[in-house]
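Note: the block below is work-v4.cif and it holds mmCIF, C-alpha atoms (C1' of nucleotides).
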```
data_model
loop_
_atom_site.group_PDB
_atom_site.id
_atom_site.type_symbol
_atom_site.label_atom_id
_atom_site.label_comp_id
_atom_site.auth_asym_id
_atom_site.auth_seq_id
_atom_site.Cartn_x
_atom_site.Cartn_y
_atom_site.Cartn_z
ATOM 1 C CA MET A 1 107.207 81.866 110.335
ATOM 2 C CA THR A 2 107.186 84.869 112.629
ATOM 3 C CA LYS A 3 104.744 86.027 115.240
ATOM 4 C CA LEU A 4 104.176 89.671 115.761
ATOM 5 C CA THR A 5 104.076 89.607 119.505
ATOM 6 C CA GLY A 6 105.857 87.538 122.084
ATOM 7 C CA ASP A 7 106.693 87.528 125.725
ATOM 8 C CA LEU A 8 110.000 88.703 127.086
ATOM 9 C CA LYS A 9 110.566 89.050 130.812
ATOM 10 C CA GLY A 10 106.832 89.383 131.281
ATOM 11 C CA LYS A 11 106.665 92.268 128.879
ATOM 12 C CA ARG A 12 104.613 92.042 125.704
ATOM 13 C CA VAL A 13 106.977 92.810 122.914
ATOM 14 C CA ALA A 14 107.169 92.730 119.129
ATOM 15 C CA MET A 15 108.859 89.768 117.475
ATOM 16 C CA VAL A 16 110.682 89.908 114.188
ATOM 17 C CA CYS A 17 111.754 86.696 112.551
ATOM 18 C CA GLY A 18 111.539 84.943 115.878
ATOM 19 C CA VAL A 19 113.710 87.454 117.666
ATOM 20 C CA PRO A 20 112.279 89.812 120.263
ATOM 21 C CA MET A 21 112.490 93.400 119.147
ATOM 22 C CA ASP A 22 112.557 94.787 122.657
ATOM 23 C CA VAL A 23 114.177 98.157 122.329
ATOM 24 C CA GLU A 24 116.536 97.738 125.255
ATOM 25 C CA ASN A 25 117.643 94.199 124.693
ATOM 26 C CA CYS A 26 117.658 93.421 121.008
ATOM 27 C CA PRO A 27 120.757 91.765 119.608
ATOM 28 C CA VAL A 28 119.827 92.701 116.081
ATOM 29 C CA ARG A 29 119.508 96.346 116.875
ATOM 30 C CA ASP A 30 122.623 96.279 118.955
ATOM 31 C CA VAL A 31 124.654 94.826 116.121
ATOM 32 C CA MET A 32 122.911 96.790 113.410
ATOM 33 C CA ASP A 33 123.512 100.095 115.133
ATOM 34 C CA ASN A 34 127.200 99.466 114.954
ATOM 35 C CA ILE A 35 127.694 98.029 111.541
ATOM 36 C CA GLY A 36 124.834 99.949 109.968
ATOM 37 C CA GLY A 37 126.679 103.236 110.248
ATOM 38 C CA LYS A 38 127.653 105.080 107.136
ATOM 39 C CA TRP A 39 131.275 103.924 107.067
ATOM 40 C CA ASN A 40 131.466 100.840 109.225
ATOM 41 C CA SER A 41 130.740 98.106 106.744
ATOM 42 C CA LEU A 42 132.777 99.835 104.070
ATOM 43 C CA MET A 43 135.687 99.805 106.471
ATOM 44 C CA ILE A 44 135.374 96.087 107.081
ATOM 45 C CA LEU A 45 135.202 95.432 103.357
ATOM 46 C CA SER A 46 138.300 97.570 102.896
ATOM 47 C CA LEU A 47 140.244 95.422 105.300
ATOM 48 C CA ALA A 48 139.148 92.228 103.545
ATOM 49 C CA ASP A 49 142.535 91.688 101.905
ATOM 50 C CA GLY A 50 144.691 92.339 104.895
ATOM 51 C CA ALA A 51 145.765 94.927 107.399
ATOM 52 C CA LEU A 52 145.992 98.568 106.399
ATOM 53 C CA ARG A 53 147.325 101.646 108.095
ATOM 54 C CA PHE A 54 145.398 104.768 108.933
ATOM 55 C CA SER A 55 146.662 106.754 105.989
ATOM 56 C CA GLN A 56 146.170 103.862 103.588
ATOM 57 C CA LEU A 57 142.546 103.659 104.592
ATOM 58 C CA ARG A 58 142.209 107.363 104.146
ATOM 59 C CA ARG A 59 143.498 107.116 100.592
ATOM 60 C CA LEU A 60 141.370 104.073 99.859
ATOM 61 C CA ILE A 61 138.202 105.828 100.982
ATOM 62 C CA PRO A 62 138.861 109.343 99.764
ATOM 63 C CA ASP A 63 135.600 110.858 100.923
ATOM 64 C CA ILE A 64 135.846 110.002 104.584
ATOM 65 C CA SER A 65 136.959 112.743 106.936
ATOM 66 C CA GLN A 66 139.824 112.018 109.289
ATOM 67 C CA ARG A 67 137.492 112.589 112.157
ATOM 68 C CA MET A 68 135.068 109.922 110.971
ATOM 69 C CA LEU A 69 137.867 107.550 110.043
ATOM 70 C CA THR A 70 139.219 107.698 113.573
ATOM 71 C CA GLN A 71 135.797 107.297 115.077
ATOM 72 C CA THR A 72 134.742 104.438 112.828
ATOM 73 C CA LEU A 73 137.931 102.544 113.557
ATOM 74 C CA ARG A 74 137.428 103.050 117.286
ATOM 75 C CA ASP A 75 133.862 101.805 117.110
ATOM 76 C CA LEU A 76 134.809 98.714 115.160
ATOM 77 C CA GLN A 77 137.672 98.026 117.505
ATOM 78 C CA ARG A 78 135.434 98.376 120.521
ATOM 79 C CA ASP A 79 132.988 95.831 119.164
ATOM 80 C CA GLY A 80 135.795 93.427 118.364
ATOM 81 C CA TYR A 81 135.663 93.495 114.563
ATOM 82 C CA ILE A 82 139.142 94.898 114.062
ATOM 83 C CA HIS A 83 142.419 94.873 115.908
ATOM 84 C CA ARG A 84 144.753 97.839 116.277
ATOM 85 C CA THR A 85 148.505 97.332 116.387
ATOM 86 C CA VAL A 86 151.005 100.115 116.981
ATOM 87 C CA TYR A 87 154.501 99.639 115.560
ATOM 88 C CA PRO A 88 157.190 101.631 117.389
ATOM 89 C CA THR A 89 158.705 103.107 114.240
ATOM 90 C CA GLN A 90 159.426 106.792 113.944
ATOM 91 C CA PRO A 91 156.860 108.195 113.359
ATOM 92 C CA PRO A 92 154.840 105.338 114.848
ATOM 93 C CA SER A 93 152.664 103.501 112.373
ATOM 94 C CA VAL A 94 149.381 101.901 113.295
ATOM 95 C CA GLU A 95 147.915 98.922 111.554
ATOM 96 C CA TYR A 96 144.288 97.843 111.506
ATOM 97 C CA ALA A 97 143.328 94.246 110.781
ATOM 98 C CA LEU A 98 140.161 92.172 110.916
ATOM 99 C CA THR A 99 139.681 89.836 113.852
ATOM 100 C CA ASP A 100 137.996 86.452 113.518
ATOM 101 C CA LEU A 101 134.723 88.154 114.345
ATOM 102 C CA GLY A 102 135.388 90.742 111.679
ATOM 103 C CA ARG A 103 136.119 88.068 109.086
ATOM 104 C CA SER A 104 132.939 86.300 110.069
ATOM 105 C CA LEU A 105 130.980 89.458 109.465
ATOM 106 C CA LEU A 106 132.861 89.981 106.229
ATOM 107 C CA GLY A 107 131.345 86.735 104.972
ATOM 108 C CA LEU A 108 127.883 88.207 105.406
ATOM 109 C CA LEU A 109 128.857 91.518 103.908
ATOM 110 C CA LYS A 110 130.098 89.828 100.776
ATOM 111 C CA HIS A 111 126.659 88.362 100.151
ATOM 112 C CA PHE A 112 125.404 91.834 100.598
ATOM 113 C CA VAL A 113 127.820 93.191 98.029
ATOM 114 C CA ASP A 114 126.732 90.553 95.526
ATOM 115 C CA TRP A 115 123.103 91.326 96.148
ATOM 116 C CA SER A 116 123.713 95.032 95.684
ATOM 117 C CA VAL A 117 125.429 94.549 92.364
ATOM 118 C CA GLU A 118 122.680 92.245 91.162
ATOM 119 C CA ASN A 119 119.814 94.466 92.195
ATOM 120 C CA HIS A 120 121.270 97.874 91.666
ATOM 121 C CA GLY A 121 119.517 98.235 88.340
ATOM 122 C CA ALA A 122 116.107 97.428 89.767
ATOM 123 C CA ILE A 123 116.595 99.941 92.535
ATOM 124 C CA ARG A 124 117.649 102.666 90.159
ATOM 125 C CA SER A 125 114.600 102.124 87.981
ATOM 126 C CA ALA A 126 112.290 102.124 90.976
ATOM 127 C CA ARG A 127 113.820 105.388 92.058
ATOM 128 C CA GLU A 128 113.416 107.005 88.649
ATOM 129 C CA GLU A 129 109.823 105.886 88.435
ATOM 130 C CA TYR A 130 109.075 107.270 91.871
ATOM 131 C CA ASP A 131 110.730 110.584 91.103
ATOM 132 C CA ALA A 132 108.885 110.887 87.816
ATOM 133 C CA GLU A 133 105.589 111.027 89.692
ATOM 134 C CA ALA A 134 106.622 114.140 91.578
ATOM 135 C CA MET B 1 140.460 87.479 95.957
ATOM 136 C CA THR B 2 140.226 91.246 95.755
ATOM 137 C CA LYS B 3 142.537 93.814 94.269
ATOM 138 C CA LEU B 4 142.916 97.138 95.912
ATOM 139 C CA THR B 5 142.953 99.231 92.787
ATOM 140 C CA GLY B 6 141.201 98.923 89.478
ATOM 141 C CA ASP B 7 140.292 100.955 86.471
ATOM 142 C CA LEU B 8 136.901 102.490 85.947
ATOM 143 C CA LYS B 9 136.228 104.881 83.098
ATOM 144 C CA GLY B 10 139.945 105.608 82.953
ATOM 145 C CA LYS B 11 139.990 106.616 86.588
ATOM 146 C CA ARG B 12 142.133 104.738 89.061
ATOM 147 C CA VAL B 13 139.789 103.625 91.764
ATOM 148 C CA ALA B 14 139.708 101.387 94.820
ATOM 149 C CA MET B 15 138.220 97.907 94.449
ATOM 150 C CA VAL B 16 136.475 96.047 97.225
ATOM 151 C CA CYS B 17 135.631 92.409 96.710
ATOM 152 C CA GLY B 18 135.844 92.883 92.958
ATOM 153 C CA VAL B 19 133.518 95.852 92.938
ATOM 154 C CA PRO B 20 134.753 99.353 92.184
ATOM 155 C CA MET B 21 134.399 101.626 95.163
ATOM 156 C CA ASP B 22 134.189 104.762 93.074
ATOM 157 C CA VAL B 23 132.388 107.239 95.253
ATOM 158 C CA GLU B 24 130.016 108.435 92.561
ATOM 159 C CA ASN B 25 129.118 105.149 90.994
ATOM 160 C CA CYS B 26 129.230 102.392 93.537
ATOM 161 C CA PRO B 27 126.270 100.043 93.700
ATOM 162 C CA VAL B 28 127.210 98.843 97.136
ATOM 163 C CA ARG B 29 127.309 102.314 98.568
ATOM 164 C CA ASP B 30 124.165 103.261 96.783
ATOM 165 C CA VAL B 31 122.286 100.333 98.253
ATOM 166 C CA MET B 32 123.955 100.500 101.639
ATOM 167 C CA ASP B 33 123.149 104.159 102.080
ATOM 168 C CA ASN B 34 119.504 103.324 101.821
ATOM 169 C CA ILE B 35 119.151 100.171 103.790
ATOM 170 C CA GLY B 36 121.932 101.021 106.224
ATOM 171 C CA GLY B 37 119.914 103.781 107.832
ATOM 172 C CA LYS B 38 118.873 103.464 111.423
ATOM 173 C CA TRP B 39 115.324 102.295 110.745
ATOM 174 C CA ASN B 40 115.266 100.969 107.209
ATOM 175 C CA SER B 41 116.177 97.337 107.700
ATOM 176 C CA LEU B 42 114.074 97.135 110.846
ATOM 177 C CA MET B 43 111.137 98.324 108.778
ATOM 178 C CA ILE B 44 111.651 95.631 106.170
ATOM 179 C CA LEU B 45 111.902 92.991 108.870
ATOM 180 C CA SER B 46 108.702 94.307 110.410
ATOM 181 C CA LEU B 47 106.845 93.813 107.159
ATOM 182 C CA ALA B 48 108.131 90.250 106.813
ATOM 183 C CA ASP B 49 104.812 88.688 107.786
ATOM 184 C CA GLY B 50 102.564 90.821 105.673
ATOM 185 C CA ALA B 51 101.326 94.308 105.054
ATOM 186 C CA LEU B 52 100.924 96.720 107.937
ATOM 187 C CA ARG B 53 99.405 100.147 108.269
ATOM 188 C CA PHE B 54 101.136 103.293 109.410
ATOM 189 C CA SER B 55 99.803 103.181 112.926
ATOM 190 C CA GLN B 56 100.469 99.465 113.253
ATOM 191 C CA LEU B 57 104.097 100.070 112.386
ATOM 192 C CA ARG B 58 104.231 102.866 114.888
ATOM 193 C CA ARG B 59 102.987 100.578 117.622
ATOM 194 C CA LEU B 60 105.294 97.766 116.530
ATOM 195 C CA ILE B 61 108.351 100.004 116.681
ATOM 196 C CA PRO B 62 107.527 102.160 119.654
ATOM 197 C CA ASP B 63 110.692 104.216 119.649
ATOM 198 C CA ILE B 64 110.451 105.600 116.147
ATOM 199 C CA SER B 65 109.158 109.129 115.754
ATOM 200 C CA GLN B 66 106.321 109.719 113.339
ATOM 201 C CA ARG B 67 108.565 111.941 111.349
ATOM 202 C CA MET B 68 111.163 109.210 110.853
ATOM 203 C CA LEU B 69 108.515 106.591 110.209
ATOM 204 C CA THR B 70 107.111 108.652 107.375
ATOM 205 C CA GLN B 71 110.529 109.353 105.971
ATOM 206 C CA THR B 72 111.760 105.782 106.219
ATOM 207 C CA LEU B 73 108.650 104.492 104.476
ATOM 208 C CA ARG B 74 109.073 107.051 101.709
ATOM 209 C CA ASP B 75 112.715 106.124 101.210
ATOM 210 C CA LEU B 76 111.960 102.420 101.047
ATOM 211 C CA GLN B 77 109.106 103.048 98.668
ATOM 212 C CA ARG B 78 111.283 105.173 96.435
ATOM 213 C CA ASP B 79 113.875 102.436 96.152
ATOM 214 C CA GLY B 80 111.223 99.857 95.390
ATOM 215 C CA TYR B 81 111.393 97.758 98.545
ATOM 216 C CA ILE B 82 107.868 98.444 99.691
ATOM 217 C CA HIS B 83 104.572 99.303 98.095
ATOM 218 C CA ARG B 84 102.075 101.814 99.435
ATOM 219 C CA THR B 85 98.362 101.261 98.981
ATOM 220 C CA VAL B 86 95.686 103.732 100.011
ATOM 221 C CA TYR B 87 92.247 102.347 100.824
ATOM 222 C CA PRO B 88 89.428 104.842 100.369
ATOM 223 C CA THR B 89 87.874 104.153 103.731
ATOM 224 C CA GLN B 90 86.916 106.955 106.054
ATOM 225 C CA PRO B 91 89.391 107.959 107.354
ATOM 226 C CA PRO B 92 91.599 106.566 104.589
ATOM 227 C CA SER B 93 93.913 103.788 105.681
ATOM 228 C CA VAL B 94 97.266 103.209 104.107
ATOM 229 C CA GLU B 95 98.917 99.852 103.882
ATOM 230 C CA TYR B 96 102.596 99.124 103.368
ATOM 231 C CA ALA B 97 103.762 95.814 101.934
ATOM 232 C CA LEU B 98 107.028 94.357 100.720
ATOM 233 C CA THR B 99 107.602 94.135 96.981
ATOM 234 C CA ASP B 100 109.487 91.263 95.363
ATOM 235 C CA LEU B 101 112.638 93.310 95.706
ATOM 236 C CA GLY B 102 111.859 93.877 99.364
ATOM 237 C CA ARG B 103 111.314 90.162 99.947
ATOM 238 C CA SER B 104 114.586 89.447 98.207
ATOM 239 C CA LEU B 105 116.371 91.804 100.547
ATOM 240 C CA LEU B 106 114.510 90.270 103.457
ATOM 241 C CA GLY B 107 116.235 86.977 102.671
ATOM 242 C CA LEU B 108 119.593 88.633 103.224
ATOM 243 C CA LEU B 109 118.465 90.439 106.328
ATOM 244 C CA LYS B 110 117.369 87.196 107.918
ATOM 245 C CA HIS B 111 120.886 85.839 107.661
ATOM 246 C CA PHE B 112 121.949 89.000 109.295
ATOM 247 C CA VAL B 113 119.498 88.522 112.134
ATOM 248 C CA ASP B 114 120.797 84.993 112.704
ATOM 249 C CA TRP B 115 124.367 86.195 112.698
ATOM 250 C CA SER B 116 123.561 88.934 115.181
ATOM 251 C CA VAL B 117 121.942 86.548 117.605
ATOM 252 C CA GLU B 118 124.836 84.129 117.314
ATOM 253 C CA ASN B 119 127.555 86.700 117.773
ATOM 254 C CA HIS B 120 125.932 89.105 120.129
ATOM 255 C CA GLY B 121 127.737 87.610 123.095
ATOM 256 C CA ALA B 122 131.148 87.953 121.516
ATOM 257 C CA ILE B 123 130.477 91.570 120.670
ATOM 258 C CA ARG B 124 129.322 92.384 124.163
ATOM 259 C CA SER B 125 132.437 90.852 125.681
ATOM 260 C CA ALA B 126 134.687 92.696 123.241
ATOM 261 C CA ARG B 127 132.971 95.903 124.207
ATOM 262 C CA GLU B 128 133.352 95.310 127.926
ATOM 263 C CA GLU B 129 136.995 94.466 127.522
ATOM 264 C CA TYR B 130 137.605 97.601 125.505
ATOM 265 C CA ASP B 131 135.794 99.794 127.990
ATOM 266 C CA ALA B 132 137.687 98.268 130.899
ATOM 267 C CA GLU B 133 140.947 99.611 129.484
ATOM 268 C CA ALA B 134 139.737 103.189 129.688
ATOM 269 C "C1'" DG C 1 165.748 124.552 105.053
ATOM 270 C "C1'" DC C 2 161.481 123.109 102.845
ATOM 271 C "C1'" DA C 3 158.209 119.703 101.801
ATOM 272 C "C1'" DT C 4 156.439 115.442 103.049
ATOM 273 C "C1'" DA C 5 154.932 111.698 105.938
ATOM 274 C "C1'" DT C 6 153.111 109.517 110.332
ATOM 275 C "C1'" DA C 7 148.277 109.276 113.389
ATOM 276 C "C1'" DG C 8 145.546 111.587 115.047
ATOM 277 C "C1'" DT C 9 142.822 115.878 117.780
ATOM 278 C "C1'" DC C 10 140.156 120.292 117.825
ATOM 279 C "C1'" DT C 11 136.922 123.608 116.321
ATOM 280 C "C1'" DC C 12 133.343 125.226 113.448
ATOM 281 C "C1'" DT C 13 129.498 124.559 110.304
ATOM 282 C "C1'" DT C 14 126.025 121.831 108.163
ATOM 283 C "C1'" DT C 15 123.004 117.919 108.094
ATOM 284 C "C1'" DT C 16 120.192 114.434 110.412
ATOM 285 C "C1'" DT C 17 117.410 112.963 113.860
ATOM 286 C "C1'" DG C 18 114.206 113.247 117.681
ATOM 287 C "C1'" DA C 19 110.064 115.062 120.478
ATOM 288 C "C1'" DG C 20 105.980 116.399 120.172
ATOM 289 C "C1'" DA C 21 102.155 119.792 118.930
ATOM 290 C "C1'" DC C 22 98.827 120.302 115.211
ATOM 291 C "C1'" DT C 23 95.477 119.017 111.140
ATOM 292 C "C1'" DT C 24 90.919 117.260 109.083
ATOM 293 C "C1'" DG C 25 87.107 114.516 108.949
ATOM 294 C "C1'" DC C 26 84.674 110.682 110.977
ATOM 295 C "C1'" DT C 27 83.099 107.391 114.663
ATOM 296 C "C1'" DC C 28 82.309 105.946 119.396
ATOM 297 C "C1'" DT C 29 81.007 107.044 124.131
ATOM 298 C "C1'" DT C 30 78.242 109.163 127.487
ATOM 299 C "C1'" DA D 1 74.832 116.608 121.614
ATOM 300 C "C1'" DA D 2 79.530 117.240 123.561
ATOM 301 C "C1'" DG D 3 83.821 115.303 124.088
ATOM 302 C "C1'" DA D 4 87.293 111.963 123.104
ATOM 303 C "C1'" DG D 5 89.818 109.147 119.957
ATOM 304 C "C1'" DC D 6 91.666 107.505 115.611
ATOM 305 C "C1'" DA D 7 93.261 107.692 110.726
ATOM 306 C "C1'" DA D 8 97.985 109.344 108.340
ATOM 307 C "C1'" DG D 9 100.576 112.304 108.244
ATOM 308 C "C1'" DT D 10 102.978 117.562 108.434
ATOM 309 C "C1'" DC D 11 105.392 121.289 110.939
ATOM 310 C "C1'" DT D 12 108.446 123.438 114.148
ATOM 311 C "C1'" DC D 13 112.086 123.581 117.232
ATOM 312 C "C1'" DA D 14 115.895 121.401 119.864
ATOM 313 C "C1'" DA D 15 119.578 118.003 120.125
ATOM 314 C "C1'" DA D 16 122.800 114.914 118.139
ATOM 315 C "C1'" DA D 17 125.787 113.404 114.456
ATOM 316 C "C1'" DA D 18 128.681 114.190 110.521
ATOM 317 C "C1'" DG D 19 131.770 116.862 107.456
ATOM 318 C "C1'" DA D 20 135.692 120.297 106.396
ATOM 319 C "C1'" DG D 21 139.751 121.353 107.379
ATOM 320 C "C1'" DA D 22 143.342 123.666 110.399
ATOM 321 C "C1'" DC D 23 146.698 122.107 113.750
ATOM 322 C "C1'" DT D 24 149.942 118.905 116.751
ATOM 323 C "C1'" DA D 25 154.828 116.656 117.070
ATOM 324 C "C1'" DT D 26 158.684 114.224 115.198
ATOM 325 C "C1'" DA D 27 161.465 112.599 111.401
ATOM 326 C "C1'" DT D 28 163.039 111.697 106.842
ATOM 327 C "C1'" DG D 29 164.198 112.848 101.934
ATOM 328 C "C1'" DC D 30 165.847 116.402 98.732
#
```
The structure given in the file should be rewritten as structure tokens.
Amino acid sequence: MTKLTGDLKGKRVAMVCGVPMDVENCPVRDVMDNIGGKWNSLMILSLADGALRFSQLRRLIPDISQRMLTQTLRDLQRDGYIHRTVYPTQPPSVEYALTDLGRSLLGLLKHFVDWSVENHGAIRSAREEYDAEA
Amino acid sequence: MTKLTGDLKGKRVAMVCGVPMDVENCPVRDVMDNIGGKWNSLMILSLADGALRFSQLRRLIPDISQRMLTQTLRDLQRDGYIHRTVYPTQPPSVEYALTDLGRSLLGLLKHFVDWSVENHGAIRSAREEYDAEA
DNA sequence: GCATATAGTCTCTTTTTGAGACTTGCTCTT
DNA sequence: AAGAGCAAGTCTCAAAAAGAGACTATATGC
């Protein structure tokens, strides 16, 4: 199903599931680097039900620092997963909402959530077993 | 489809897609923390076609440091995604292979790979547009 | 007039990650 | 027989990322 080496721009390069794993030009890595961060996918899941403001997100995810909340939102906005709208109230309020791309990713993430819930037990046992040997 | 607050052990807690987001006891976070790392999912994808040895993995993923390769393999082993077998050759060779749990996760990751390839263009454009405004 | 709220930024400390030298015993080359 | 290379890591030090939390400015409620 997958070959381990392939040819990309004349360079011999590893293939994973049919996709070249070239360090510089790998879509999977490019995407993964941005949604694989500690908070990024959690943020997208948090916006699943509709737009939220900065402070609402902060309350929803109590253990994120303001610094990381800002940065995560910026990153997701840059990659087109969320949209930022400023309302000219006093003080101004800012709303974050998923874009179409973000909702598309959300679909994937939901499968991931289901999988996690289903397999959490197995993972915990594996971990205990491993730790017991040390 | 999802409520934003729920009740878990008497504590009011955020819900995401029907799953409590309680910081201490959240399966999704627990799983995500371990496969969301920089190298973890790449490692599982690399083992998709069969077992590989330490040095083979190092060559397959040229930009991982030995230190992180060791650590990533340990983490994945601890959580039960991969299995480590030592062959008593001289020098001993060590083989890493996916477990059933690992193969199950691989199924999810493949969807992720497909999604990445499909949407990579959109993400790149979003990024360019964002950067142009600065 | 005091506390609270808005959306952040700034600085400082701690944690993670990366680069790469080093280990030990064996085989292959010259 | 000397030197190089490989196996699977560990160890140390430097660089990058993340976390904690003080601080900004304006405005409203009490």
Rounded to one decimal, what separation in Å do you get between CA of Leu57 (chain A) and C1' of DA25 (chain D)?
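Those two atoms sit 21.8 Å apart.
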Taking a cut-off of 7 Å and counting all atoms listed in the file, can you build a table that, for each residue of chain B near chain A, reports the nearest atom pair and how far apart they are in Å (one decimal), sorted by chain then residue number, as CSV?
```
residue,atom,partner,partner_atom,distance
B:Thr2,CA,A:Asp49,CA,6.6
B:Ala14,CA,A:Leu60,CA,5.9
B:Val16,CA,A:Ser46,CA,6.1
B:Pro27,CA,A:Val117,CA,5.7
B:Val28,CA,A:Ser116,CA,5.4
B:Val31,CA,A:Ser116,CA,6.1
B:Asp33,CA,A:Lys38,CA,6.8
B:Gly36,CA,A:Gly36,CA,4.9
B:Gly37,CA,A:Gly36,CA,6.6
B:Lys38,CA,A:Asp33,CA,6.8
B:Leu45,CA,A:Val16,CA,6.3
B:Ser46,CA,A:Val16,CA,6.1
B:Asp49,CA,A:Thr2,CA,6.6
B:Leu60,CA,A:Ala14,CA,6.0
B:Arg78,CA,A:Arg127,CA,5.1
B:Asp79,CA,A:Arg127,CA,5.0
B:Gly80,CA,A:Ala126,CA,5.1
B:Val113,CA,A:Val28,CA,5.8
B:Ser116,CA,A:Val28,CA,5.4
B:Val117,CA,A:Pro27,CA,5.7
B:His120,CA,A:Pro27,CA,5.8
B:Ile123,CA,A:Asp79,CA,5.2
B:Ala126,CA,A:Gly80,CA,5.1
B:Arg127,CA,A:Asp79,CA,5.0
B:Tyr130,CA,A:Arg78,CA,5.5
```
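In this model, the gap between CA of Gln90 (chain A) and CA of Ala51 (chain A) comes to 19.2 Å.
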Find the residues near DA8 (chain D): any atom within 10 Å, counting all atoms listed in the file, skip ones fewer than 3 places away on the same chain, and give them as an mmCIF file with C-alpha atoms, keeping the file's coordinate frame.
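Printed below is part.cif as written:
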```
data_model
loop_
_atom_site.group_PDB
_atom_site.id
_atom_site.type_symbol
_atom_site.label_atom_id
_atom_site.label_comp_id
_atom_site.auth_asym_id
_atom_site.auth_seq_id
_atom_site.Cartn_x
_atom_site.Cartn_y
_atom_site.Cartn_z
ATOM 1 C CA ARG B 53 99.405 100.147 108.269
ATOM 2 C CA PHE B 54 101.136 103.293 109.410
ATOM 3 C CA SER B 55 99.803 103.181 112.926
ATOM 4 C CA GLN B 66 106.321 109.719 113.339
ATOM 5 C CA THR B 70 107.111 108.652 107.375
ATOM 6 C CA PRO B 91 89.391 107.959 107.354
ATOM 7 C CA PRO B 92 91.599 106.566 104.589
ATOM 8 C CA SER B 93 93.913 103.788 105.681
ATOM 9 C CA VAL B 94 97.266 103.209 104.107
#
```
Check which residues satisfy the PyMOL selection byres ((chain C and resi 13) around 12) in the file shown, then give them as a PDB file with C-alpha atoms (C1' of nucleotides), in the frame of the given file.
```
ATOM      1  C1'  DT C  11     136.922 123.608 116.321  1.00  0.00           C
ATOM      2  C1'  DC C  12     133.343 125.226 113.448  1.00  0.00           C
ATOM      3  C1'  DT C  14     126.025 121.831 108.163  1.00  0.00           C
ATOM      4  C1'  DT C  15     123.004 117.919 108.094  1.00  0.00           C
TER       5       DT C  15
ATOM      6  C1'  DA D  18     128.681 114.190 110.521  1.00  0.00           C
ATOM      7  C1'  DG D  19     131.770 116.862 107.456  1.00  0.00           C
ATOM      8  C1'  DA D  20     135.692 120.297 106.396  1.00  0.00           C
ATOM      9  C1'  DG D  21     139.751 121.353 107.379  1.00  0.00           C
TER      10       DG D  21
END
```
Where does chain C meet chain A within 12 Å, residue by residue, with the nearest atom pair and distance in Å to one decimal for each, counting all atoms listed in the file, listed by chain and rising number, as JSON lines?
```
{"residue": "C:DA5", "atom": "C1'", "partner": "A:Pro91", "partner_atom": "CA", "distance": 8.4}
{"residue": "C:DT6", "atom": "C1'", "partner": "A:Pro91", "partner_atom": "CA", "distance": 5.0}
{"residue": "C:DA7", "atom": "C1'", "partner": "A:Phe54", "partner_atom": "CA", "distance": 7.0}
{"residue": "C:DG8", "atom": "C1'", "partner": "A:Thr70", "partner_atom": "CA", "distance": 7.6}
{"residue": "C:DT9", "atom": "C1'", "partner": "A:Arg67", "partner_atom": "CA", "distance": 8.4}
{"residue": "C:DC10", "atom": "C1'", "partner": "A:Arg67", "partner_atom": "CA", "distance": 9.9}
{"residue": "C:DT11", "atom": "C1'", "partner": "A:Arg67", "partner_atom": "CA", "distance": 11.8}
```
Taking only C-alpha atoms (C1' of nucleotides) into account and nothing else, which residues of chain D lie no more than 10 Å away from chain B? Please answer as a PyMOL selection string.
chain D and resi 6-11
Interatomic distance (Å, one decimal) between CA of Ala134 (chain B) and C1' of DA22 (chain D)
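Computing the Euclidean distance for CA of Ala134 (chain B) and C1' of DA22 (chain D) yields 28.4 Å.
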Residues in the PyMOL selection byres ((chain D and resi 15-17) around 8), expressed as a ChimeraX atom specification:
/C:16-18 /D:14,18
Within 8 Å of Ile82 (chain A), counting only C-alpha atoms (C1' of nucleotides), which residues show up once you throw out same-chain ones fewer than 2 positions away? Write them as a list of chain:residue names, please.
A:Leu73, A:Leu76, A:Gln77, A:Gly80, A:Arg84, A:Tyr96, A:Ala97, A:Leu98, A:Thr99, A:Gly102
Where does the PyMOL selection byres ((chain C and resi 1) around 12) land in this file, that is, which residues does it pick, as a list of chain:residue names?
C:DC2, C:DA3, D:DC30
Can you pull out every residue within 12 Å of DT4 (chain C), counting only C-alpha atoms (C1' of nucleotides), but drop anything in the same chain fewer than 6 positions away, and send it as a list in words?
DA27, DT28, DG29 and DC30 of chain D
